[in-house]
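Containing TSV, C-alpha atoms: work.tsv.
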```
chain	number	residue	atom	x	y	z
W	1	MET	CA	-32.47	15.69	-14.62
W	2	SER	CA	-34.40	17.29	-11.73
W	3	SER	CA	-36.31	15.14	-9.27
W	4	ALA	CA	-39.56	16.71	-10.52
W	5	SER	CA	-38.95	15.48	-14.08
W	6	ARG	CA	-38.32	11.85	-13.13
W	7	ASP	CA	-41.11	9.35	-13.76
W	8	PRO	CA	-42.16	8.09	-10.30
W	9	GLN	CA	-42.88	4.66	-11.79
W	10	VAL	CA	-39.30	4.42	-13.07
W	11	VAL	CA	-37.97	5.36	-9.63
W	12	VAL	CA	-40.08	2.64	-8.01
W	13	GLU	CA	-38.95	0.06	-10.57
W	14	VAL	CA	-35.29	0.94	-9.95
W	15	LEU	CA	-35.69	0.58	-6.19
W	16	SER	CA	-37.54	-2.69	-6.64
W	17	GLU	CA	-34.77	-4.08	-8.85
W	18	ALA	CA	-32.16	-3.07	-6.28
W	19	LEU	CA	-33.92	-4.65	-3.29
W	20	PRO	CA	-32.74	-8.27	-3.68
W	21	TYR	CA	-29.14	-7.08	-4.18
W	22	ILE	CA	-29.33	-4.93	-1.06
W	23	GLN	CA	-30.62	-7.91	0.90
W	24	GLN	CA	-27.95	-10.20	-0.54
W	25	PHE	CA	-24.99	-7.93	0.14
W	26	SER	CA	-26.00	-6.29	3.43
W	27	GLY	CA	-23.28	-6.90	6.00
W	28	LYS	CA	-20.73	-7.88	3.33
W	29	THR	CA	-17.47	-6.12	2.49
W	30	VAL	CA	-16.82	-4.61	-0.94
W	31	VAL	CA	-13.32	-3.35	-1.82
W	32	VAL	CA	-13.34	-0.61	-4.48
W	33	LYS	CA	-10.21	0.52	-6.31
W	34	TYR	CA	-10.76	4.15	-7.29
W	35	GLY	CA	-8.79	5.79	-10.09
W	36	GLY	CA	-8.78	6.88	-13.73
W	37	ASN	CA	-11.42	9.24	-15.13
W	38	ALA	CA	-13.65	8.64	-12.12
W	39	MET	CA	-11.00	10.40	-10.06
W	40	THR	CA	-10.46	13.45	-12.29
W	41	GLU	CA	-13.85	14.48	-13.72
W	42	ASP	CA	-16.07	16.53	-11.38
W	43	THR	CA	-19.38	14.81	-12.15
W	44	LEU	CA	-17.82	11.36	-11.77
W	45	ILE	CA	-16.06	12.33	-8.54
W	46	ASP	CA	-19.36	13.45	-7.02
W	47	SER	CA	-21.25	10.35	-8.14
W	48	PHE	CA	-18.52	8.07	-6.78
W	49	ALA	CA	-18.67	9.65	-3.33
W	50	ARG	CA	-22.46	9.37	-3.24
W	51	ASN	CA	-22.26	5.74	-4.38
W	52	ILE	CA	-19.91	4.85	-1.53
W	53	VAL	CA	-22.10	6.58	1.06
W	54	LEU	CA	-25.26	4.89	-0.22
W	55	MET	CA	-23.56	1.49	-0.03
W	56	LYS	CA	-22.76	2.14	3.64
W	57	GLU	CA	-26.29	3.37	4.35
W	58	VAL	CA	-27.85	0.11	3.08
W	59	GLY	CA	-25.56	-2.04	5.21
W	60	ILE	CA	-22.65	-2.80	2.88
W	61	ASN	CA	-19.12	-2.15	4.16
W	62	PRO	CA	-17.16	-0.37	1.40
W	63	VAL	CA	-13.38	-0.09	1.62
W	64	VAL	CA	-11.78	2.30	-0.86
W	65	VAL	CA	-8.23	1.92	-2.21
W	66	HIS	CA	-7.11	4.75	-4.47
W	67	GLY	CA	-4.38	5.50	-6.96
W	68	GLY	CA	-2.91	8.87	-7.92
W	69	GLY	CA	-0.32	8.43	-10.66
W	70	PRO	CA	-1.26	11.56	-12.66
W	71	GLN	CA	-1.27	13.70	-9.52
W	72	ILE	CA	2.17	12.37	-8.56
W	73	GLY	CA	3.49	13.10	-12.05
W	74	SER	CA	2.08	16.62	-11.97
W	75	LEU	CA	3.78	17.53	-8.67
W	76	LEU	CA	7.08	15.96	-9.73
W	77	GLU	CA	6.98	18.12	-12.86
W	78	LYS	CA	6.34	21.25	-10.80
W	79	LEU	CA	9.31	20.35	-8.59
W	80	ASN	CA	11.50	19.70	-11.66
W	81	ILE	CA	11.99	16.06	-10.69
W	82	GLU	CA	12.25	13.78	-13.71
W	83	SER	CA	9.79	10.88	-14.00
W	84	ARG	CA	11.32	7.66	-15.35
W	85	PHE	CA	9.48	4.42	-15.97
W	86	VAL	CA	10.57	0.78	-16.32
W	87	ASN	CA	7.95	-1.68	-17.60
W	88	GLY	CA	5.29	0.92	-16.86
W	89	MET	CA	6.41	1.41	-13.23
W	90	ARG	CA	7.73	4.70	-11.90
W	91	VAL	CA	11.36	4.58	-10.79
W	92	THR	CA	11.09	5.81	-7.21
W	93	ASP	CA	14.18	7.08	-5.42
W	94	SER	CA	14.02	8.55	-1.89
W	95	GLN	CA	13.17	12.04	-3.16
W	96	THR	CA	10.40	10.74	-5.41
W	97	MET	CA	9.05	8.58	-2.58
W	98	ASP	CA	8.68	11.71	-0.43
W	99	VAL	CA	6.51	13.20	-3.17
W	100	VAL	CA	4.52	9.97	-3.51
W	101	GLU	CA	3.74	10.01	0.21
W	102	MET	CA	2.75	13.68	0.12
W	103	VAL	CA	0.41	13.16	-2.84
W	104	LEU	CA	-1.09	9.76	-2.06
W	105	GLY	CA	-1.17	9.92	1.72
W	106	GLY	CA	-1.98	13.63	1.89
W	107	LEU	CA	-3.50	15.50	-1.04
W	108	VAL	CA	-5.37	12.71	-2.83
W	109	ASN	CA	-6.36	10.68	0.24
W	110	LYS	CA	-7.76	13.64	2.17
W	111	SER	CA	-9.58	14.92	-0.91
W	112	ILE	CA	-11.45	11.61	-1.24
W	113	VAL	CA	-12.16	11.53	2.50
W	114	ASN	CA	-13.59	15.05	2.33
W	115	LEU	CA	-15.80	14.22	-0.66
W	116	ILE	CA	-17.29	11.18	1.07
W	117	ASN	CA	-17.84	13.13	4.27
W	118	GLN	CA	-19.49	15.99	2.35
W	119	SER	CA	-21.88	13.41	0.89
W	120	GLY	CA	-22.94	12.32	4.37
W	121	GLY	CA	-20.49	9.51	5.07
W	122	LYS	CA	-17.87	9.06	7.79
W	123	ALA	CA	-14.60	8.38	5.97
W	124	ILE	CA	-11.19	7.89	7.56
W	125	GLY	CA	-8.04	8.28	5.48
W	126	LEU	CA	-5.15	5.86	5.99
W	127	THR	CA	-2.01	4.62	4.32
W	128	GLY	CA	-0.71	1.08	4.63
W	129	LYS	CA	1.79	2.43	7.16
W	130	ASP	CA	-0.96	3.28	9.67
W	131	GLY	CA	-1.21	0.43	12.12
W	132	ALA	CA	1.42	-1.36	10.01
W	133	GLN	CA	-1.47	-2.62	7.87
W	134	ILE	CA	0.49	-3.30	4.70
W	135	ARG	CA	3.86	-5.01	5.11
W	136	ALA	CA	5.77	-4.56	1.86
W	137	ARG	CA	8.95	-5.74	0.20
W	138	GLN	CA	10.84	-4.24	-2.70
W	139	LEU	CA	9.57	-5.31	-6.10
W	140	LYS	CA	12.23	-7.05	-8.17
W	141	VAL	CA	12.02	-6.19	-11.86
W	142	GLU	CA	13.69	-8.52	-14.33
W	143	HIS	CA	14.74	-7.68	-17.88
W	144	GLN	CA	16.13	-10.10	-20.42
W	145	SER	CA	16.97	-9.51	-24.06
W	146	PRO	CA	17.57	-12.37	-26.54
W	147	GLU	CA	21.35	-12.03	-26.35
W	148	MET	CA	21.41	-12.28	-22.54
W	149	THR	CA	22.06	-15.63	-20.88
W	150	ALA	CA	20.39	-14.57	-17.62
W	151	PRO	CA	17.84	-11.89	-16.70
W	152	GLU	CA	19.06	-8.54	-15.41
W	153	ILE	CA	17.63	-7.34	-12.09
W	154	ILE	CA	16.68	-3.66	-12.34
W	155	ASP	CA	16.49	-1.61	-9.15
W	156	ILE	CA	13.53	0.79	-9.43
W	157	GLY	CA	13.82	1.97	-5.85
W	158	HIS	CA	10.88	2.31	-3.48
W	159	VAL	CA	8.40	0.36	-5.58
W	160	GLY	CA	6.98	-2.51	-3.61
W	161	GLU	CA	4.70	-5.49	-3.56
W	162	VAL	CA	2.47	-6.77	-0.76
W	163	GLU	CA	4.12	-9.17	1.65
W	164	SER	CA	1.24	-9.34	4.15
W	165	ILE	CA	-1.84	-7.39	5.22
W	166	SER	CA	-3.30	-6.86	8.69
W	167	THR	CA	-7.03	-6.13	8.65
W	168	ASP	CA	-7.58	-5.35	12.36
W	169	LEU	CA	-7.72	-1.57	11.93
W	170	ILE	CA	-9.95	-1.68	8.86
W	171	GLU	CA	-12.38	-4.11	10.49
W	172	MET	CA	-12.55	-1.98	13.64
W	173	LEU	CA	-13.34	1.15	11.61
W	174	ALA	CA	-15.96	-0.62	9.50
W	175	ALA	CA	-17.67	-1.96	12.63
W	176	ARG	CA	-17.95	1.63	13.92
W	177	ASP	CA	-19.59	2.74	10.64
W	178	PHE	CA	-16.52	4.47	9.25
W	179	ILE	CA	-15.47	4.11	5.62
W	180	PRO	CA	-11.71	3.36	5.29
W	181	VAL	CA	-9.96	5.15	2.43
W	182	ILE	CA	-6.52	3.66	1.89
W	183	ALA	CA	-3.49	4.99	0.03
W	184	PRO	CA	-1.34	2.14	-1.40
W	185	ILE	CA	1.83	2.80	0.57
W	186	GLY	CA	3.44	-0.06	2.50
W	187	VAL	CA	6.33	-0.40	4.90
W	188	ASP	CA	8.99	-3.07	5.40
W	189	GLY	CA	10.48	-4.39	8.62
W	190	LYS	CA	13.15	-1.66	8.61
W	191	GLY	CA	10.62	1.16	8.27
W	192	ASN	CA	11.25	1.84	4.56
W	193	SER	CA	8.24	3.10	2.62
W	194	TYR	CA	7.12	1.61	-0.70
W	195	ASN	CA	4.73	2.74	-3.39
W	196	ILE	CA	2.56	-0.22	-4.42
W	197	ASN	CA	0.23	-0.57	-7.40
W	198	ALA	CA	-3.29	0.30	-6.18
W	199	ASP	CA	-4.94	-2.57	-8.08
W	200	LEU	CA	-2.58	-5.01	-6.38
W	201	VAL	CA	-3.29	-3.57	-2.92
W	202	ALA	CA	-7.04	-3.68	-3.53
W	203	GLY	CA	-6.88	-7.30	-4.64
W	204	LYS	CA	-4.75	-8.48	-1.72
W	205	LEU	CA	-6.87	-6.48	0.72
W	206	ALA	CA	-10.06	-8.05	-0.66
W	207	GLU	CA	-8.55	-11.49	-0.08
W	208	ALA	CA	-7.46	-10.64	3.46
W	209	LEU	CA	-10.91	-9.26	4.32
W	210	ASN	CA	-12.73	-12.23	2.74
W	211	ALA	CA	-14.62	-9.61	0.74
W	212	GLU	CA	-17.78	-10.32	-1.17
W	213	LYS	CA	-16.59	-8.25	-4.12
W	214	LEU	CA	-13.52	-6.56	-5.57
W	215	MET	CA	-14.36	-3.69	-7.91
W	216	LEU	CA	-11.67	-2.18	-10.13
W	217	LEU	CA	-12.66	1.08	-11.83
W	218	THR	CA	-11.01	1.50	-15.23
W	219	ASN	CA	-11.07	3.79	-18.26
W	220	VAL	CA	-12.51	1.12	-20.54
W	221	ALA	CA	-15.93	-0.50	-20.85
W	222	GLY	CA	-14.63	-3.79	-19.46
W	223	LEU	CA	-12.77	-6.80	-20.76
W	224	MET	CA	-13.34	-7.13	-24.50
W	225	ASN	CA	-13.00	-10.03	-26.92
W	226	SER	CA	-11.22	-9.87	-30.28
W	227	GLU	CA	-14.35	-8.35	-31.86
W	228	GLY	CA	-14.47	-5.46	-29.40
W	229	LYS	CA	-17.48	-6.82	-27.50
W	230	VAL	CA	-17.53	-6.54	-23.71
W	231	LEU	CA	-17.39	-9.92	-21.97
W	232	THR	CA	-19.88	-9.44	-19.14
W	233	GLY	CA	-19.59	-12.70	-17.22
W	234	LEU	CA	-16.56	-14.99	-17.01
W	235	THR	CA	-15.27	-17.81	-14.84
W	236	THR	CA	-11.66	-18.02	-13.70
W	237	VAL	CA	-11.16	-20.93	-16.12
W	238	GLN	CA	-12.39	-18.83	-19.03
W	239	VAL	CA	-10.13	-15.92	-18.03
W	240	ASP	CA	-7.11	-18.26	-17.87
W	241	GLY	CA	-7.98	-19.33	-21.41
W	242	LEU	CA	-8.26	-15.74	-22.66
W	243	ILE	CA	-4.82	-14.99	-21.22
W	244	ALA	CA	-3.36	-18.11	-22.83
W	245	ASP	CA	-4.76	-17.34	-26.30
W	246	GLY	CA	-3.64	-13.70	-26.21
W	247	THR	CA	-7.10	-12.07	-26.03
W	248	ILE	CA	-6.03	-10.42	-22.78
W	249	TYR	CA	-2.72	-8.63	-23.22
W	250	GLY	CA	-0.84	-5.40	-22.62
W	251	GLY	CA	-2.00	-2.93	-20.00
W	252	MET	CA	-5.16	-4.86	-19.16
W	253	LEU	CA	-3.24	-8.01	-18.24
W	254	PRO	CA	-1.97	-6.91	-14.78
W	255	LYS	CA	-5.46	-5.70	-13.81
W	256	ILE	CA	-7.07	-8.95	-14.92
W	257	ARG	CA	-4.43	-11.02	-13.11
W	258	CYS	CA	-5.15	-9.02	-9.97
W	259	ALA	CA	-8.88	-9.74	-10.25
W	260	LEU	CA	-8.22	-13.38	-11.10
W	261	ASP	CA	-5.91	-13.89	-8.11
W	262	ALA	CA	-8.47	-12.30	-5.78
W	263	VAL	CA	-11.25	-14.64	-6.90
W	264	LYS	CA	-8.98	-17.67	-6.69
W	265	GLY	CA	-7.98	-16.40	-3.23
W	266	GLY	CA	-11.55	-16.52	-1.91
W	267	VAL	CA	-13.23	-13.27	-3.02
W	268	ASN	CA	-16.67	-14.19	-4.34
W	269	SER	CA	-16.49	-11.99	-7.43
W	270	ALA	CA	-14.30	-9.40	-9.10
W	271	HIS	CA	-15.59	-6.66	-11.36
W	272	ILE	CA	-13.74	-4.67	-14.02
W	273	ILE	CA	-16.06	-1.69	-14.44
W	274	ASP	CA	-16.18	1.45	-16.54
W	275	GLY	CA	-15.39	4.33	-14.20
W	276	ARG	CA	-16.33	6.81	-16.93
W	277	VAL	CA	-20.02	5.96	-16.37
W	278	PRO	CA	-21.74	8.04	-13.67
W	279	HIS	CA	-22.75	5.89	-10.67
W	280	ALA	CA	-20.87	2.93	-12.14
W	281	VAL	CA	-20.41	1.29	-8.73
W	282	LEU	CA	-24.14	1.24	-7.96
W	283	LEU	CA	-25.06	0.16	-11.48
W	284	GLU	CA	-22.76	-2.85	-11.18
W	285	ILE	CA	-23.93	-3.90	-7.71
W	286	PHE	CA	-27.64	-3.11	-7.76
W	287	THR	CA	-28.85	-3.68	-11.34
W	288	ASN	CA	-29.26	-6.73	-13.53
W	289	ALA	CA	-27.30	-5.23	-16.45
W	290	GLY	CA	-24.12	-3.97	-14.78
W	291	VAL	CA	-21.46	-1.88	-16.50
W	292	GLY	CA	-18.45	-4.11	-16.93
W	293	THR	CA	-16.96	-7.58	-16.67
W	294	LEU	CA	-17.80	-9.92	-13.81
W	295	ILE	CA	-15.35	-12.69	-12.88
W	296	THR	CA	-16.35	-15.55	-10.57
W	297	ASP	CA	-15.05	-18.99	-9.68
W	298	ALA	CA	-18.39	-20.60	-10.60
W	299	GLY	CA	-18.32	-23.53	-12.97
```

Let me see whether you can do it: turn the structure in this file into C-alpha cells.
Amino acid sequence: MSSASRDPQVVVEVLSEALPYIQQFSGKTVVVKYGGNAMTEDTLIDSFARNIVLMKEVGINPVVVHGGGPQIGSLLEKLNIESRFVNGMRVTDSQTMDVVEMVLGGLVNKSIVNLINQSGGKAIGLTGKDGAQIRARQLKVEHQSPEMTAPEIIDIGHVGEVESISTDLIEMLAARDFIPVIAPIGVDGKGNSYNINADLVAGKLAEALNAEKLMLLTNVAGLMNSEGKVLTGLTTVQVDGLIADGTIYGGMLPKIRCALDAVKGGVNSAHIIDGRVPHAVLLEIFTNAGVGTLITDAG
C-alpha cells in the first residue's frame, strides 16, 4: 500500500496506540532471536530490519541473536559434507564447525548487519567469541532405551551450552547507539569453539542483560492449546502446567523452556511470536493485540 492510499486517521490512531508503549520501554533492552521464515523471505527480511531500526530510534535497545541452520545445511551439502542429527541437534565435528563459523559468523551475521545498516541503523556483527562474551561447555547428550540400565552419553562434537555470559561489550555498543547482532558461537577455556542453539543464547543473554523482553520469532502463530487456539497471555505457573499435562510437547518444548527460564531468571516478559507476519516485532511491542504468546511471572 502506498503512503498516498493510507487513511491519515488510521495512521494517527496507530501512532497514538503506540505512544504509551514507547514511553514504557524507552531505555530498556529487548533481546530478539531472529530465524525461521523471517530470515528467508525477502519481504519479512526487510520488515525485520526496519523494525529493529525503529526500536532503536524511539529509545529501545535491541540486541539481535540469530540462527542459520538451513544456511549451514546448504553449504555442507555443497561441500559434500554429510549432516547427521541426534535428538534434533547437528553432530558437529571439527570440519563441520569450520563451516558453522563461516556461515553464522560470516555470511549470515554480516548479511543481517548490512540489512539493518541499509535501513538506517548502526549494527555491529559479533560472535560469542568476540570479547569472550559467551563462555561455553560441550553439551552432553544422553540416550537411554528400555533395555539399558544406565543412559548412554553420545558425543555430538562441537555442540555447546552456555556456561556464562559477559555483557560488557554489548552494553558498551548499545550505549554508543550501535545495534549488536550476535551469532550463537561460544568458546571454552581452551579456545575450542561451540555451536549453541540460538534460542538458548538469546534467553541466557536476556537474563544477563536484565532485559525487559525476550522475543523469539517462530514459524507458528504462537503457543496453542489442544483446540488449536493461540494462548496469548500466560504466567510461568500456567506454562509449567501446560508442560506437565502434555499440551506443550515436541519441537515447541525447548523454545518454551527457554522463554520460561528467562522469565524466571528476571526477564520481565518473553514472547513467542509469529515471524511469518510482516512487522511482527513492532506489532507485538507497540499494539494492544500482539501477534503471539506472552509469558510473564505475574500472578

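Of the residues under consideration (W:Gly128, W:Gly160, W:Pro20, W:Gly290), W:Gly128 shows the shortest atom-to-atom contact distance to W:Pro184 when counting all atoms listed in the file.
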
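Of note, atom CA of W:Gly241 and atom CA of W:Lys213 are spaced 22.3 Å apart.
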
note = Counting only C-alpha atoms, closest pick from W:Leu283, W:Ile156, W:Val58, W:Val108 relative to W:Ser83 is W:Ile156

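For the choices W:Ala208, W:Val12, W:Leu54, W:Val281, the atom-to-atom distance to W:Ile165 is smallest for W:Ala208 when using only C-alpha atoms.
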
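Nearest-residue note for W:Ala183: choosing from W:Ala49, W:Val162, W:Ala132, W:Ile196, the minimum distance belongs to W:Ile196, counting only C-alpha atoms.
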
ask   = Quick one: residues within 9 Å of W:Asn51, all atoms listed in the file counted, chain neighbours fewer than 4 positions away excluded, as a count of residues only?
value = 8

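With atom CA of W:Leu214 on one side and atom CA of W:Ala18 on the other, the separation reads 19.0 Å.
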